[in-house]
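**Student:** Structure below; questions to follow.
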Amino acid sequence: MNYKNIKISLLFISLLAYGSSFAQNPIITDIFTADPAPIVYNETVYLYTSHDTATVADTNYKMPDWYVFSSKDMVNWTNHGSPLSPKSFSWATGDAYAAQCIERNGKFYWYVSTFHKKDENSNGGAAIGVAVSDSPTGPFKDAIGKALIVNEMTTELKHGWDDIDPTVFIDDDGQAYLYWGNGSCRMVKLKENMIELEGEITNFKPKNYIEGPWVYKRKDLYYLVYASVGTKPEMIEYCTATSPEGPWEYRGIIQENVPNSFTTHPGIVDFKGKSYFMYHNGTLPTGGSYRRSICIDYMYYNEDGTIQKIVQTKEGVKPVK
Ligand code: FUB
């Protein structure tokens, strides 16, 4: 090997070493993203996100639309743009808060929280809509031409933004459930068509619950993971149950406060044998509580199904082979 070849090899080796320790978190760096909601479809992870566009000087959210990203290795993410915004719903106005998409029978149902215009169906306030598509990346359209949940359907809390943050779960027997809520957690069954409610809305308040529920099943246990608030910014805590309707047993804190953001928000996915925990923080340059960024770290379970504390890292996760 001549001197030039040795130099090139050394450069290659140091690039490899740099690459393997390169920080992956936050995972999206060209726009500010929040409220991660991942699903696996066709050996690909699709990640549905909120989008923060507030300026550094702003003191509240500016969230114009929702985005979709995808990855086959949890490290390289493709931006599919924004196929949905509150403007896609004739009845909606205002911000595009947290949302979650799920596949059923080849169709993709994207449950979103936004705000309702004052009209004959609602006096305004937060509302939940559902959009549908034949593809995980859209195009999506309003599935029913009206909101699925309006403020007037839940009356136990008086603030107008209590009907936010939908999470949707389909049990092994095919029954679908929608959970949501700020201040208390609401639950209602969905019909098989995924666009109509079935039965009564119930509400309950897990310990320290504030918002951002994420419901899933692992082995025989149901998990309700959520953002919690006490005297500090939000953390992530969880409950488990042996039925999707509860009763929910409080199991503790999974994730402590995140740097530079008052909120955090859970999104959980298993992909190719590993469990991943997604959340947001404010660590991108010029980031903050209204300019958030999604991160991914590994998630580990104990033998008894309890969840180990998430270790928040800059390195994030390694590419899935
Ligand atoms: O992104 C807007 C709101 O902040 C979400 O709806 C909450 O979960 C919190 O992340």
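Following the order of the structure tokens, chains are lettered A, B, ..., residues in each are numbered from 1, and ligands are numbered from 1.
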Within 9 Å of ligand 1, counting only C-alpha atoms and all ligand atoms, which protein or nucleic acid residues do you find, written as a ChimeraX atom specification?
**Tutor:** /A:33-35,50-52,61,63,95-99,113-114,164-166,182,210-213,226-227,262-266,280,289-290,292
**Student:** Given only C-alpha atoms, how would the per-residue table for region 38-76 of chain A near region 135-152 of chain A read, listing every residue at most 10 Å away with its closest atom pair and distance in Å to one decimal, sorted by chain and number, as a tab-separated table?
**Tutor:**
```
residue	atom	partner	partner_atom	distance
A:Ile39	CA	A:Pro136	CA	9.4
A:Val40	CA	A:Pro136	CA	10.0
A:Tyr41	CA	A:Pro136	CA	8.1
A:Tyr46	CA	A:Pro136	CA	7.3
A:Leu47	CA	A:Pro136	CA	9.5
A:Tyr48	CA	A:Thr137	CA	9.3
A:Tyr67	CA	A:Thr137	CA	9.0
A:Val68	CA	A:Thr137	CA	6.4
A:Phe69	CA	A:Thr137	CA	8.2
A:Ser70	CA	A:Thr137	CA	8.9
```
**Student:** Determine, for each residue of region 151-184 of chain A having at least one atom at most 12 Å from an atom of region 193-208 of chain A, the closest pair of atoms and their separation in Å to one decimal, counting only C-alpha atoms; order by chain and ascending number, as a tab-separated table.
**Tutor:**
```
residue	atom	partner	partner_atom	distance
A:Glu152	CA	A:Ile201	CA	12.0
A:Met153	CA	A:Ile201	CA	8.2
A:Thr154	CA	A:Ile201	CA	7.9
A:Thr155	CA	A:Asn203	CA	10.3
A:Glu156	CA	A:Asn203	CA	8.6
A:Leu157	CA	A:Asn203	CA	10.4
A:Asp162	CA	A:Asn203	CA	11.6
A:Asp163	CA	A:Asn203	CA	11.5
A:Val168	CA	A:Met194	CA	9.6
A:Phe169	CA	A:Met194	CA	10.6
A:Ile170	CA	A:Met194	CA	9.8
A:Gly174	CA	A:Met194	CA	10.8
A:Gln175	CA	A:Met194	CA	9.7
A:Ala176	CA	A:Met194	CA	7.3
A:Tyr177	CA	A:Met194	CA	9.1
A:Leu178	CA	A:Leu197	CA	8.8
A:Tyr179	CA	A:Asn203	CA	9.2
A:Trp180	CA	A:Asn203	CA	9.4
A:Gly181	CA	A:Asn203	CA	8.9
A:Asn182	CA	A:Lys205	CA	10.0
A:Gly183	CA	A:Lys205	CA	7.6
A:Ser184	CA	A:Lys205	CA	4.9
```
**Student:** So which residues touch Gly305 (chain A) within 8 Å, counting only C-alpha atoms, skipping near sequence neighbours fewer than 3 positions away, as a ChimeraX atom specification?
**Tutor:** /A:221,301-302
**Student:** Neighbours of Tyr300 (chain A) within 12 Å (only C-alpha atoms; same-chain residues fewer than 6 positions away dropped), as an MDAnalysis selection string?
**Tutor:** chainID A and resid 254 268:270 273:277 306:311
**Student:** If you count only C-alpha atoms, which residues fall within 12 Å of Ser261 (chain A), apart from same-chain ones fewer than 6 positions away, as a PyMOL selection string?
**Tutor:** chain A and resi 34+232-235+279-284+286-294
**Student:** When you draw a straight line from CA of Thr49 (chain A) to CA of Pro36 (chain A), how long is it in Å?
**Tutor:** 5.0 Å
**Student:** Can you list every residue in region 102-207 of chain A that DSSP puts in strand (DSSP E), as a VMD selection string?
**Tutor:** chain A and resid 102 to 104 107 to 116 126 to 133 141 to 142 167 to 170 176 to 180 185 to 190 197 to 204
**Student:** Find the spatial neighbours of Lys318 (chain A), counting only C-alpha atoms, within a cut-off of 9 Å - ignore same-chain residues fewer than 5 positions away - and output them as a list in words.
**Tutor:**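 Answer for this query is Ser20, Gln24, Asp73, Met74 and Val75 of chain A.
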**Student:** Please give the complete set of residues from region 41-206 of chain A that DSSP, run on the backbone, assigns to helix (DSSP H, G or I), formatted as a ChimeraX atom specification.
**Tutor:** /A:86-88,151-153
